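Chemist: One file is attached below, query32.cif, containing mmCIF, C-alpha atoms; chains and numbers go by the auth columns.
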```cif
data_model
#
loop_
_atom_site.group_PDB
_atom_site.id
_atom_site.type_symbol
_atom_site.label_atom_id
_atom_site.label_comp_id
_atom_site.label_asym_id
_atom_site.label_seq_id
_atom_site.Cartn_x
_atom_site.Cartn_y
_atom_site.Cartn_z
_atom_site.B_iso_or_equiv
_atom_site.auth_seq_id
_atom_site.auth_asym_id
ATOM 1 C CA MET A 1 -9.756 20.768 -12.879 0.00 1 G
ATOM 2 C CA SER A 2 -7.442 21.740 -10.034 0.00 2 G
ATOM 3 C CA ILE A 3 -7.056 25.402 -9.207 0.00 3 G
ATOM 4 C CA VAL A 4 -3.573 26.864 -9.578 0.00 4 G
ATOM 5 C CA LYS A 5 -2.743 29.117 -6.669 0.00 5 G
ATOM 6 C CA ILE A 6 -0.302 31.954 -6.326 0.00 6 G
ATOM 7 C CA LYS A 7 2.052 29.918 -4.131 0.00 7 G
ATOM 8 C CA ASP A 8 2.542 27.407 -6.958 0.00 8 G
ATOM 9 C CA LYS A 9 3.902 30.056 -9.305 0.00 9 G
ATOM 10 C CA MET A 10 5.627 32.687 -7.138 0.00 10 G
ATOM 11 C CA SER A 11 9.380 33.254 -6.761 0.00 11 G
ATOM 12 C CA SER A 12 10.689 32.425 -3.309 0.00 12 G
ATOM 13 C CA PRO A 13 12.645 33.270 -1.206 0.00 13 G
ATOM 14 C CA VAL A 14 12.545 37.026 -1.815 0.00 14 G
ATOM 15 C CA GLN A 15 15.717 39.095 -2.233 0.00 15 G
ATOM 16 C CA THR A 16 16.113 42.104 0.030 0.00 16 G
ATOM 17 C CA ILE A 17 18.228 45.267 0.281 0.00 17 G
ATOM 18 C CA LYS A 18 18.674 47.913 2.983 0.00 18 G
ATOM 19 C CA ILE A 19 17.107 51.331 2.518 0.00 19 G
ATOM 20 C CA THR A 20 20.517 52.945 3.125 0.00 20 G
ATOM 21 C CA ASP A 21 21.909 51.193 0.021 0.00 21 G
ATOM 22 C CA SER A 22 21.930 53.041 -3.316 0.00 22 G
ATOM 23 C CA ILE A 23 19.965 52.731 -6.529 0.00 23 G
ATOM 24 C CA ARG A 24 23.194 51.509 -8.130 0.00 24 G
ATOM 25 C CA ASP A 25 23.553 48.814 -5.423 0.00 25 G
ATOM 26 C CA ALA A 26 19.978 47.724 -6.132 0.00 26 G
ATOM 27 C CA ALA A 27 20.731 47.492 -9.860 0.00 27 G
ATOM 28 C CA LYS A 28 23.796 45.356 -9.156 0.00 28 G
ATOM 29 C CA ILE A 29 21.856 42.885 -7.013 0.00 29 G
ATOM 30 C CA MET A 30 18.999 42.643 -9.537 0.00 30 G
ATOM 31 C CA ASP A 31 21.573 42.112 -12.292 0.00 31 G
ATOM 32 C CA ALA A 32 23.417 39.402 -10.349 0.00 32 G
ATOM 33 C CA LYS A 33 20.189 37.604 -9.426 0.00 33 G
ATOM 34 C CA ASN A 34 18.484 38.143 -12.785 0.00 34 G
ATOM 35 C CA ILE A 35 15.366 39.637 -11.210 0.00 35 G
ATOM 36 C CA GLY A 36 13.410 42.874 -11.620 0.00 36 G
ATOM 37 C CA SER A 37 12.618 43.846 -8.034 0.00 37 G
ATOM 38 C CA LEU A 38 13.923 43.781 -4.461 0.00 38 G
ATOM 39 C CA LEU A 39 12.182 44.182 -1.143 0.00 39 G
ATOM 40 C CA VAL A 40 13.586 47.148 0.777 0.00 40 G
ATOM 41 C CA ILE A 41 13.813 46.966 4.559 0.00 41 G
ATOM 42 C CA ASP A 42 13.760 50.376 6.247 0.00 42 G
ATOM 43 C CA GLU A 43 15.254 51.356 9.602 0.00 43 G
ATOM 44 C CA ASP A 44 12.035 50.516 11.423 0.00 44 G
ATOM 45 C CA GLY A 45 11.856 47.069 9.849 0.00 45 G
ATOM 46 C CA ARG A 46 9.043 48.046 7.477 0.00 46 G
ATOM 47 C CA THR A 47 9.078 46.610 3.973 0.00 47 G
ATOM 48 C CA LYS A 48 8.968 48.538 0.695 0.00 48 G
ATOM 49 C CA ILE A 49 9.798 47.520 -2.875 0.00 49 G
ATOM 50 C CA ILE A 50 12.140 48.814 -5.550 0.00 50 G
ATOM 51 C CA THR A 51 11.689 47.677 -9.154 0.00 51 G
ATOM 52 C CA GLU A 52 13.604 48.036 -12.388 0.00 52 G
ATOM 53 C CA ARG A 53 11.156 50.780 -13.367 0.00 53 G
ATOM 54 C CA ASP A 54 12.066 52.796 -10.261 0.00 54 G
ATOM 55 C CA VAL A 55 15.760 52.345 -11.084 0.00 55 G
ATOM 56 C CA VAL A 56 15.254 53.621 -14.634 0.00 56 G
ATOM 57 C CA LYS A 57 13.357 56.676 -13.358 0.00 57 G
ATOM 58 C CA ALA A 58 16.145 57.452 -10.868 0.00 58 G
ATOM 59 C CA VAL A 59 18.804 57.169 -13.582 0.00 59 G
ATOM 60 C CA ALA A 60 16.768 59.514 -15.778 0.00 60 G
ATOM 61 C CA ASP A 61 16.946 62.090 -12.980 0.00 61 G
ATOM 62 C CA GLY A 62 20.660 61.556 -12.242 0.00 62 G
ATOM 63 C CA LYS A 63 19.898 59.996 -8.871 0.00 63 G
ATOM 64 C CA GLU A 64 21.577 56.591 -9.244 0.00 64 G
ATOM 65 C CA ASP A 65 23.795 57.210 -6.202 0.00 65 G
ATOM 66 C CA ASP A 66 20.886 58.224 -3.950 0.00 66 G
ATOM 67 C CA ASP A 67 19.941 55.860 -1.180 0.00 67 G
ATOM 68 C CA LEU A 68 16.610 54.090 -1.605 0.00 68 G
ATOM 69 C CA GLN A 69 14.680 56.286 0.846 0.00 69 G
ATOM 70 C CA ALA A 70 13.022 58.477 -1.790 0.00 70 G
ATOM 71 C CA HIS A 71 12.741 55.774 -4.439 0.00 71 G
ATOM 72 C CA ALA A 72 11.406 52.641 -2.763 0.00 72 G
ATOM 73 C CA ILE A 73 7.638 52.268 -2.966 0.00 73 G
ATOM 74 C CA SER A 74 5.259 51.614 -0.089 0.00 74 G
ATOM 75 C CA PRO A 75 2.820 50.344 0.913 0.00 75 G
ATOM 76 C CA LEU A 76 3.443 47.016 -0.756 0.00 76 G
ATOM 77 C CA ILE A 77 0.560 45.704 -2.812 0.00 77 G
ATOM 78 C CA THR A 78 0.068 42.174 -1.538 0.00 78 G
ATOM 79 C CA ILE A 79 -1.915 39.048 -2.285 0.00 79 G
ATOM 80 C CA SER A 80 -2.516 35.843 -0.348 0.00 80 G
ATOM 81 C CA GLU A 81 -0.582 32.671 -1.231 0.00 81 G
ATOM 82 C CA ASP A 82 -3.915 30.910 -1.567 0.00 82 G
ATOM 83 C CA ALA A 83 -5.433 33.433 -3.981 0.00 83 G
ATOM 84 C CA MET A 84 -5.897 32.464 -7.614 0.00 84 G
ATOM 85 C CA LEU A 85 -3.815 33.658 -10.539 0.00 85 G
ATOM 86 C CA GLY A 86 -6.779 35.561 -11.958 0.00 86 G
ATOM 87 C CA ASP A 87 -6.955 37.636 -8.771 0.00 87 G
ATOM 88 C CA ALA A 88 -3.270 38.529 -9.104 0.00 88 G
ATOM 89 C CA ALA A 89 -3.743 39.426 -12.771 0.00 89 G
ATOM 90 C CA GLN A 90 -6.674 41.725 -11.964 0.00 90 G
ATOM 91 C CA LEU A 91 -4.741 43.436 -9.182 0.00 91 G
ATOM 92 C CA MET A 92 -1.692 44.018 -11.387 0.00 92 G
ATOM 93 C CA LEU A 93 -3.785 45.360 -14.248 0.00 93 G
ATOM 94 C CA SER A 94 -5.878 47.649 -12.052 0.00 94 G
ATOM 95 C CA ARG A 95 -2.831 49.030 -10.169 0.00 95 G
ATOM 96 C CA ASN A 96 -0.644 49.168 -13.293 0.00 96 G
ATOM 97 C CA ILE A 97 2.142 47.177 -11.643 0.00 97 G
ATOM 98 C CA ARG A 98 4.038 44.032 -12.606 0.00 98 G
ATOM 99 C CA ARG A 99 4.764 42.483 -9.216 0.00 99 G
ATOM 100 C CA LEU A 100 2.916 41.639 -6.026 0.00 100 G
ATOM 101 C CA ALA A 101 4.277 40.621 -2.640 0.00 101 G
ATOM 102 C CA VAL A 102 2.780 37.275 -1.586 0.00 102 G
ATOM 103 C CA ILE A 103 1.637 36.845 2.022 0.00 103 G
ATOM 104 C CA ASN A 104 1.374 33.516 3.846 0.00 104 G
ATOM 105 C CA GLU A 105 -1.115 32.500 6.542 0.00 105 G
ATOM 106 C CA ALA A 106 1.119 33.982 9.241 0.00 106 G
ATOM 107 C CA GLY A 107 0.987 37.357 7.479 0.00 107 G
ATOM 108 C CA GLN A 108 4.630 37.166 6.420 0.00 108 G
ATOM 109 C CA ILE A 109 5.946 37.874 2.944 0.00 109 G
ATOM 110 C CA SER A 110 6.695 34.488 1.415 0.00 110 G
ATOM 111 C CA GLY A 111 7.406 35.382 -2.208 0.00 111 G
ATOM 112 C CA ILE A 112 6.951 37.684 -5.188 0.00 112 G
ATOM 113 C CA ILE A 113 4.680 36.968 -8.138 0.00 113 G
ATOM 114 C CA SER A 114 5.395 38.754 -11.414 0.00 114 G
ATOM 115 C CA ILE A 115 3.427 39.401 -14.584 0.00 115 G
ATOM 116 C CA ARG A 116 5.860 37.031 -16.293 0.00 116 G
ATOM 117 C CA ASP A 117 5.051 34.212 -13.810 0.00 117 G
ATOM 118 C CA ILE A 118 1.336 34.698 -14.479 0.00 118 G
ATOM 119 C CA THR A 119 1.602 34.910 -18.252 0.00 119 G
ATOM 120 C CA ARG A 120 3.707 31.754 -18.291 0.00 120 G
ATOM 121 C CA ALA A 121 1.200 29.883 -16.097 0.00 121 G
ATOM 122 C CA VAL A 122 -1.768 31.027 -18.168 0.00 122 G
ATOM 123 C CA HIS A 123 0.029 30.060 -21.339 0.00 123 G
ATOM 124 C CA ASN A 124 0.686 26.552 -19.995 0.00 124 G
ATOM 125 C CA SER A 125 -2.934 26.366 -18.956 0.00 125 G
ATOM 126 C CA PHE A 126 -3.972 27.265 -22.499 0.00 126 G
ATOM 127 C CA LEU A 127 -1.744 24.537 -23.937 0.00 127 G
ATOM 128 C CA ALA A 128 -3.150 22.042 -21.415 0.00 128 G
ATOM 129 C CA LEU A 129 -6.627 22.508 -22.945 0.00 129 G
ATOM 130 C CA PHE A 130 -5.346 20.696 -26.021 0.00 130 G
ATOM 131 C CA ASP A 131 -3.811 17.845 -24.059 0.00 131 G
ATOM 132 C CA ALA A 132 -6.944 17.044 -22.088 0.00 132 G
ATOM 133 C CA MET B 1 -0.349 47.575 -28.613 0.00 133 A
ATOM 134 C CA LYS B 2 1.583 50.811 -28.274 0.00 134 A
ATOM 135 C CA SER B 3 1.717 52.902 -31.421 0.00 135 A
ATOM 136 C CA PRO B 4 3.507 55.018 -32.546 0.00 136 A
ATOM 137 C CA ILE B 5 6.696 53.899 -30.857 0.00 137 A
ATOM 138 C CA GLN B 6 9.425 56.136 -29.538 0.00 138 A
ATOM 139 C CA ALA B 7 12.865 55.508 -31.079 0.00 139 A
ATOM 140 C CA ILE B 8 16.376 56.503 -30.001 0.00 140 A
ATOM 141 C CA LYS B 9 19.746 56.408 -31.751 0.00 141 A
ATOM 142 C CA SER B 10 22.271 53.830 -30.557 0.00 142 A
ATOM 143 C CA ASP B 11 24.960 56.433 -29.750 0.00 143 A
ATOM 144 C CA LYS B 12 22.865 57.821 -26.865 0.00 144 A
ATOM 145 C CA THR B 13 23.716 57.006 -23.238 0.00 145 A
ATOM 146 C CA ILE B 14 21.989 54.853 -20.662 0.00 146 A
ATOM 147 C CA ARG B 15 20.879 58.052 -18.906 0.00 147 A
ATOM 148 C CA GLN B 16 19.414 59.543 -22.094 0.00 148 A
ATOM 149 C CA ALA B 17 17.498 56.332 -22.820 0.00 149 A
ATOM 150 C CA ALA B 18 16.228 56.261 -19.216 0.00 150 A
ATOM 151 C CA GLY B 19 15.024 59.856 -19.617 0.00 151 A
ATOM 152 C CA LEU B 20 13.122 59.026 -22.799 0.00 152 A
ATOM 153 C CA MET B 21 11.538 55.938 -21.240 0.00 153 A
ATOM 154 C CA LYS B 22 10.472 57.927 -18.196 0.00 154 A
ATOM 155 C CA SER B 23 8.888 60.738 -20.231 0.00 155 A
ATOM 156 C CA ASN B 24 7.288 58.244 -22.607 0.00 156 A
ATOM 157 C CA GLU B 25 5.910 56.131 -19.719 0.00 157 A
ATOM 158 C CA PHE B 26 6.747 52.923 -21.536 0.00 158 A
ATOM 159 C CA GLY B 27 9.191 50.137 -20.682 0.00 159 A
ATOM 160 C CA SER B 28 11.015 49.926 -24.001 0.00 160 A
ATOM 161 C CA LEU B 29 12.388 52.038 -26.839 0.00 161 A
ATOM 162 C CA LEU B 30 13.169 51.152 -30.421 0.00 162 A
ATOM 163 C CA VAL B 31 16.821 51.666 -31.264 0.00 163 A
ATOM 164 C CA ILE B 32 18.122 52.509 -34.703 0.00 164 A
ATOM 165 C CA HIS B 33 21.585 50.971 -35.050 0.00 165 A
ATOM 166 C CA LYS B 34 23.484 50.868 -38.354 0.00 166 A
ATOM 167 C CA GLY B 35 20.207 51.154 -40.253 0.00 167 A
ATOM 168 C CA GLU B 36 18.596 48.240 -38.412 0.00 168 A
ATOM 169 C CA VAL B 37 15.873 48.302 -35.763 0.00 169 A
ATOM 170 C CA GLY B 38 16.457 46.840 -32.318 0.00 170 A
ATOM 171 C CA ILE B 39 14.939 47.342 -28.892 0.00 171 A
ATOM 172 C CA ILE B 40 16.167 48.361 -25.461 0.00 172 A
ATOM 173 C CA THR B 41 14.105 47.684 -22.330 0.00 173 A
ATOM 174 C CA GLU B 42 14.119 48.710 -18.683 0.00 174 A
ATOM 175 C CA ARG B 43 15.816 45.420 -17.857 0.00 175 A
ATOM 176 C CA ASP B 44 18.610 46.153 -20.369 0.00 176 A
ATOM 177 C CA LEU B 45 19.139 49.614 -18.834 0.00 177 A
ATOM 178 C CA LEU B 46 19.262 48.123 -15.329 0.00 178 A
ATOM 179 C CA TYR B 47 21.978 45.657 -16.334 0.00 179 A
ATOM 180 C CA ALA B 48 23.934 48.286 -18.252 0.00 180 A
ATOM 181 C CA LEU B 49 23.848 50.593 -15.222 0.00 181 A
ATOM 182 C CA ALA B 50 25.008 47.775 -12.933 0.00 182 A
ATOM 183 C CA GLU B 51 27.856 46.681 -15.148 0.00 183 A
ATOM 184 C CA PHE B 52 28.965 49.765 -17.095 0.00 184 A
ATOM 185 C CA GLY B 53 27.465 52.896 -15.525 0.00 185 A
ATOM 186 C CA GLU B 54 24.993 55.568 -16.591 0.00 186 A
ATOM 187 C CA ASN B 55 27.216 57.311 -19.141 0.00 187 A
ATOM 188 C CA THR B 56 27.938 54.291 -21.281 0.00 188 A
ATOM 189 C CA SER B 57 26.440 54.125 -24.783 0.00 189 A
ATOM 190 C CA ILE B 58 23.342 51.976 -25.214 0.00 190 A
ATOM 191 C CA SER B 59 24.796 50.471 -28.411 0.00 191 A
ATOM 192 C CA GLY B 60 26.206 47.384 -26.649 0.00 192 A
ATOM 193 C CA HIS B 61 22.938 46.712 -24.813 0.00 193 A
ATOM 194 C CA VAL B 62 20.425 46.702 -27.640 0.00 194 A
ATOM 195 C CA SER B 63 18.638 43.494 -28.608 0.00 195 A
ATOM 196 C CA MET B 64 18.958 43.070 -32.365 0.00 196 A
ATOM 197 C CA PRO B 65 17.069 42.277 -34.445 0.00 197 A
ATOM 198 C CA LEU B 66 13.725 43.183 -32.892 0.00 198 A
ATOM 199 C CA ILE B 67 11.639 40.011 -32.474 0.00 199 A
ATOM 200 C CA SER B 68 8.300 40.737 -34.136 0.00 200 A
ATOM 201 C CA ILE B 69 4.914 39.234 -34.861 0.00 201 A
ATOM 202 C CA ASN B 70 2.367 40.050 -37.521 0.00 202 A
ATOM 203 C CA GLU B 71 -0.711 41.973 -36.346 0.00 203 A
ATOM 204 C CA GLU B 72 -2.981 39.211 -37.714 0.00 204 A
ATOM 205 C CA GLU B 73 -1.452 36.588 -35.398 0.00 205 A
ATOM 206 C CA SER B 74 -3.265 35.449 -32.241 0.00 206 A
ATOM 207 C CA ILE B 75 -2.670 36.610 -28.678 0.00 207 A
ATOM 208 C CA SER B 76 -1.724 33.018 -27.866 0.00 208 A
ATOM 209 C CA LYS B 77 0.999 33.118 -30.504 0.00 209 A
ATOM 210 C CA ALA B 78 2.352 36.412 -29.133 0.00 210 A
ATOM 211 C CA SER B 79 2.394 34.923 -25.645 0.00 211 A
ATOM 212 C CA ASP B 80 4.188 31.856 -26.998 0.00 212 A
ATOM 213 C CA VAL B 81 6.927 33.939 -28.660 0.00 213 A
ATOM 214 C CA MET B 82 7.436 36.013 -25.508 0.00 214 A
ATOM 215 C CA ILE B 83 7.751 32.967 -23.252 0.00 215 A
ATOM 216 C CA GLU B 84 9.981 31.087 -25.672 0.00 216 A
ATOM 217 C CA ASN B 85 12.368 34.038 -25.913 0.00 217 A
ATOM 218 C CA ASN B 86 11.959 35.118 -22.269 0.00 218 A
ATOM 219 C CA ILE B 87 10.983 38.655 -23.316 0.00 219 A
ATOM 220 C CA ARG B 88 8.118 41.022 -22.476 0.00 220 A
ATOM 221 C CA HIS B 89 8.010 43.168 -25.637 0.00 221 A
ATOM 222 C CA LEU B 90 7.389 42.235 -29.264 0.00 222 A
ATOM 223 C CA GLY B 91 7.391 44.344 -32.400 0.00 223 A
ATOM 224 C CA VAL B 92 4.129 44.205 -34.345 0.00 224 A
ATOM 225 C CA THR B 93 4.235 44.298 -38.135 0.00 225 A
ATOM 226 C CA GLY B 94 1.444 45.208 -40.544 0.00 226 A
ATOM 227 C CA LYS B 95 0.400 43.482 -43.772 0.00 227 A
ATOM 228 C CA ASP B 96 3.276 45.083 -45.654 0.00 228 A
ATOM 229 C CA GLY B 97 5.790 43.814 -43.088 0.00 229 A
ATOM 230 C CA LYS B 98 6.435 47.288 -41.693 0.00 230 A
ATOM 231 C CA LEU B 99 6.624 47.831 -37.962 0.00 231 A
ATOM 232 C CA VAL B 100 3.392 49.386 -36.637 0.00 232 A
ATOM 233 C CA GLY B 101 3.719 49.060 -32.861 0.00 233 A
ATOM 234 C CA ILE B 102 4.935 47.182 -29.799 0.00 234 A
ATOM 235 C CA VAL B 103 2.883 44.728 -27.785 0.00 235 A
ATOM 236 C CA ASN B 104 3.937 43.994 -24.213 0.00 236 A
ATOM 237 C CA MET B 105 3.122 41.348 -21.648 0.00 237 A
ATOM 238 C CA ARG B 106 0.582 43.613 -19.942 0.00 238 A
ATOM 239 C CA ASP B 107 -1.365 43.865 -23.223 0.00 239 A
ATOM 240 C CA ILE B 108 -1.407 40.061 -23.445 0.00 240 A
ATOM 241 C CA LEU B 109 -2.506 39.553 -19.837 0.00 241 A
ATOM 242 C CA SER B 110 -5.144 42.258 -20.146 0.00 242 A
ATOM 243 C CA THR B 111 -6.671 40.602 -23.212 0.00 243 A
ATOM 244 C CA VAL B 112 -6.626 37.142 -21.637 0.00 244 A
ATOM 245 C CA GLU B 113 -8.123 38.454 -18.426 0.00 245 A
ATOM 246 C CA HIS B 114 -11.001 40.095 -20.287 0.00 246 A
ATOM 247 C CA LYS B 115 -11.723 37.456 -22.896 0.00 247 A
ATOM 248 C CA PHE B 116 -10.542 34.124 -21.497 0.00 248 A
ATOM 249 C CA PRO B 117 -10.892 34.225 -17.712 0.00 249 A
ATOM 250 C CA HIS B 118 -11.281 30.419 -17.603 0.00 250 A
ATOM 251 C CA LEU B 119 -7.602 30.091 -18.594 0.00 251 A
ATOM 252 C CA PHE B 120 -6.675 31.105 -15.074 0.00 252 A
ATOM 253 C CA GLU B 121 -7.977 27.727 -13.956 0.00 253 A
ATOM 254 C CA GLU B 122 -6.147 24.579 -14.875 0.00 254 A
#
```
Taking this structure as input, can you express it in the form of structure tokens?
Modeler:
Amino acid sequence: MSIVKIKDKMSSPVQTIKITDSIRDAAKIMDAKNIGSLLVIDEDGRTKIITERDVVKAVADGKEDDDLQAHAISPLITISEDAMLGDAAQLMLSRNIRRLAVINEAGQISGIISIRDITRAVHNSFLALFDA
Amino acid sequence: MKSPIQAIKSDKTIRQAAGLMKSNEFGSLLVIHKGEVGIITERDLLYALAEFGENTSISGHVSMPLISINEEESISKASDVMIENNIRHLGVTGKDGKLVGIVNMRDILSTVEHKFPHLFEE
């Protein structure tokens, strides 16, 4: 049995947006790329995240033309590339989030892993039990 | 599974649906459209905002019919239907075929994580 690691299942490279861009801009990029989150780079080069859930909350409050300053989330919840899928699942469930930033050995963000990536991998793993 | 489920009429706007999702703290709403039941999710609202704006009606962005599974089916089957259809929410029907709740991908992962941790190894 080989262990499936986060780096085998993450999405990479990550899509980014500037913190001075709007919620609506973020929605347009997510729409065009068919993804549910973007990393947000602030003026000091720090990284935050904006997800589809944050966009929906902003729209509910009539703030879709706000910049991302008040809506992007930090600190990022991260996990190592070499961690196992079960670790990512536990972290998502305990933090009530659907995405984690993935960090490589150099400490850089190398990808995003989503609850969909994990469910798909676990499902394939389940099917593999019958092929063994 | 989430039950009962919040529903919204299909003539409401993207903003109104976003408001209901936010207050309900759930990523989808049932939509009643021409007497049928569909679903609208956060992802649908995001795309509708990007392409049509916040004041557009949700009616063109509803997934119909709602893809459902019977409550007696396995978690594996629910996971299978979600992956096959590339969706994160499924309607759950009772013995009489009536809708009783919504199960989402978090519910699936939570169950697997608790009951079948070995599935995280391949």
Chemist: May I have the residues within 9 Å of A:Gly159 as a list of chain:residue names, using only C-alpha atoms and disregarding those fewer than 3 positions away in the same chain?
Modeler: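 Within the cut-off, the hits are G:Arg53, A:Met153, A:Lys154, A:Asn156, A:Ile172, A:Thr173, A:Glu174, A:Arg175, A:His221, A:Asn236.
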Chemist: Name every residue that the PyMOL selection byres ((chain G) within 6 of (chain A)) selects in this structure, writing the answer as a list in words with chains first and numbers rising.
Modeler: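 Applying the expression gives Met1, Ser2, Ile3, Ala27, Lys28, Asp31, Val56, Lys57, Val59, Ala60, Leu85, Gly86, Val122 and Ser125 of chain G.
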Chemist: Once the PyMOL selection byres ((chain G and resi 111) around 9) is applied to the coordinates I shared, what remains selected? I want it as a list in words.
Modeler: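 For this structure, the PyMOL selection byres ((chain G and resi 111) around 9) resolves to Lys7, Met10, Ser11, Ser12, Pro13, Val14, Glu81, Leu100, Ala101, Val102, Ile103, Asn104, Ile109, Ser110, Ile112 and Ile113 of chain G.
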Chemist: Here is a test: counting all atoms listed in the file, which residue of G:Ile6, G:Met30, G:Ile41, G:Leu127 is nearest to G:Asp82?
Modeler: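 Result for the nearest residue to G:Asp82: G:Ile6.
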Chemist: Please evaluate the PyMOL selection byres ((chain G and resi 93-96) around 9) against the structure above and give the resulting residues as number ranges by chain.
Modeler: G: 77, 88-92, 97-98; A: 238, 241-242
Chemist: Determine, counting all atoms listed in the file, which protein, DNA and RNA residues have an atom within 8 Å of an atom of G:Glu64; residues of the same chain fewer than 3 positions away are not included. Present the result as number ranges by chain.
Modeler: G: 22-24, 55, 58-59
Chemist: Ranking G:Arg99, G:Ala128, G:Lys18, G:Asp66 by minimum distance to G:Asp44 and counting all atoms listed in the file, which one comes first?
Modeler: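 Nearest candidate to G:Asp44 out of G:Arg99, G:Ala128, G:Lys18, G:Asp66: G:Lys18.
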Chemist: Choose the residue, out of A:Ser142, A:Thr243, A:Ile199, A:Ser189, that has the smallest atom-to-atom separation from A:Gly223; count all atoms listed in the file.
Modeler: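 Closest to A:Gly223 of all the choices is A:Ile199.
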Chemist: Stretch 135-140 of chain A, all listed atoms, 8 Å padding on each side: what axis-aligned box centre and edge lengths in Å to one decimal come out, as JSON?
Modeler:
```
{"center_x": 9.0, "center_y": 54.7, "center_z": -31.0, "size_x": 30.7, "size_y": 19.6, "size_z": 19.0}
```
Chemist: Quick one: pull the distance between atom CA of G:Gly45 and atom CA of G:Lys33, Å, one decimal.
Modeler: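 So the two atoms, atom CA of G:Gly45 and atom CA of G:Lys33, lie 23.0 Å apart.
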Chemist: What does the distance between atom CA of G:Gln108 and atom CA of G:Pro75 come to in Å, to one decimal place?
Modeler: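 Separation of atom CA of G:Gln108 and atom CA of G:Pro75: 14.4 Å.
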Chemist: One decimal, in Å: what's the spacing between atom CA of A:Lys247 and atom CA of A:Leu222?
Modeler: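 For atom CA of A:Lys247 relative to atom CA of A:Leu222, the distance reads 20.7 Å.
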Chemist: When distances are computed from all atoms listed in the file, which of A:Asp143, A:Glu168, A:Gly192, A:Leu198 shows the smallest separation from A:Thr225?
Modeler: A:Leu198
Chemist: Please list, as a PDB file with C-alpha atoms, keeping the file's coordinate frame, the residues that have an atom at most 8 Å away from (3.1, 42.1, -33.8) in the coordinates of this file, counting all atoms listed in the file.
Modeler:
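The resulting file, part.pdb, is shown below:
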```pdb
ATOM      1  CA  SER A 200       8.300  40.737 -34.136  1.00  0.00           C
ATOM      2  CA  ILE A 201       4.914  39.234 -34.861  1.00  0.00           C
ATOM      3  CA  ASN A 202       2.367  40.050 -37.521  1.00  0.00           C
ATOM      4  CA  GLU A 203      -0.711  41.973 -36.346  1.00  0.00           C
ATOM      5  CA  GLU A 204      -2.981  39.211 -37.714  1.00  0.00           C
ATOM      6  CA  GLU A 205      -1.452  36.588 -35.398  1.00  0.00           C
ATOM      7  CA  ALA A 210       2.352  36.412 -29.133  1.00  0.00           C
ATOM      8  CA  LEU A 222       7.389  42.235 -29.264  1.00  0.00           C
ATOM      9  CA  GLY A 223       7.391  44.344 -32.400  1.00  0.00           C
ATOM     10  CA  VAL A 224       4.129  44.205 -34.345  1.00  0.00           C
ATOM     11  CA  THR A 225       4.235  44.298 -38.135  1.00  0.00           C
ATOM     12  CA  GLY A 226       1.444  45.208 -40.544  1.00  0.00           C
ATOM     13  CA  LEU A 231       6.624  47.831 -37.962  1.00  0.00           C
ATOM     14  CA  VAL A 232       3.392  49.386 -36.637  1.00  0.00           C
ATOM     15  CA  GLY A 233       3.719  49.060 -32.861  1.00  0.00           C
ATOM     16  CA  ILE A 234       4.935  47.182 -29.799  1.00  0.00           C
ATOM     17  CA  VAL A 235       2.883  44.728 -27.785  1.00  0.00           C
TER      18      VAL A 235
END
```
Chemist: Tell me, as a PDB file with C-alpha atoms, in the coordinates of the input, which residues lie within 10 Å of A:Ser191, counting all atoms listed in the file; anything in the same chain fewer than 3 positions away does not count.
Modeler:
```pdb
ATOM      1  CA  LYS A 141      19.746  56.408 -31.751  1.00  0.00           C
ATOM      2  CA  SER A 142      22.271  53.830 -30.557  1.00  0.00           C
ATOM      3  CA  ASP A 143      24.960  56.433 -29.750  1.00  0.00           C
ATOM      4  CA  LYS A 144      22.865  57.821 -26.865  1.00  0.00           C
ATOM      5  CA  THR A 145      23.716  57.006 -23.238  1.00  0.00           C
ATOM      6  CA  ILE A 146      21.989  54.853 -20.662  1.00  0.00           C
ATOM      7  CA  VAL A 163      16.821  51.666 -31.264  1.00  0.00           C
ATOM      8  CA  ILE A 164      18.122  52.509 -34.703  1.00  0.00           C
ATOM      9  CA  HIS A 165      21.585  50.971 -35.050  1.00  0.00           C
ATOM     10  CA  GLY A 170      16.457  46.840 -32.318  1.00  0.00           C
ATOM     11  CA  ILE A 172      16.167  48.361 -25.461  1.00  0.00           C
ATOM     12  CA  THR A 188      27.938  54.291 -21.281  1.00  0.00           C
ATOM     13  CA  VAL A 194      20.425  46.702 -27.640  1.00  0.00           C
ATOM     14  CA  SER A 195      18.638  43.494 -28.608  1.00  0.00           C
TER      15      SER A 195
END
```
Chemist: Would you mind putting N, CA and C atoms back on stretch 96-101 of chain G and writing the result as a PDB file, keeping the file's coordinate frame?
Modeler:
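Output saved as part24.pdb:
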```
ATOM      1  N   ASN G  96      -1.698  48.882 -12.318  1.00  0.00           N
ATOM      2  CA  ASN G  96      -0.644  49.168 -13.293  1.00  0.00           C
ATOM      3  C   ASN G  96       0.746  48.833 -12.744  1.00  0.00           C
ATOM      4  N   ILE G  97       0.858  47.653 -12.156  1.00  0.00           N
ATOM      5  CA  ILE G  97       2.142  47.177 -11.643  1.00  0.00           C
ATOM      6  C   ILE G  97       2.417  45.775 -12.182  1.00  0.00           C
ATOM      7  N   ARG G  98       3.663  45.321 -12.037  1.00  0.00           N
ATOM      8  CA  ARG G  98       4.038  44.032 -12.606  1.00  0.00           C
ATOM      9  C   ARG G  98       4.390  43.004 -11.547  1.00  0.00           C
ATOM     10  N   ARG G  99       4.376  43.414 -10.279  1.00  0.00           N
ATOM     11  CA  ARG G  99       4.764  42.483  -9.216  1.00  0.00           C
ATOM     12  C   ARG G  99       3.905  42.687  -7.986  1.00  0.00           C
ATOM     13  N   LEU G 100       3.642  41.583  -7.293  1.00  0.00           N
ATOM     14  CA  LEU G 100       2.916  41.639  -6.026  1.00  0.00           C
ATOM     15  C   LEU G 100       3.715  40.872  -4.982  1.00  0.00           C
ATOM     16  N   ALA G 101       3.712  41.385  -3.749  1.00  0.00           N
ATOM     17  CA  ALA G 101       4.277  40.621  -2.640  1.00  0.00           C
ATOM     18  C   ALA G 101       3.241  39.585  -2.229  1.00  0.00           C
TER      19      ALA G 101
END
```
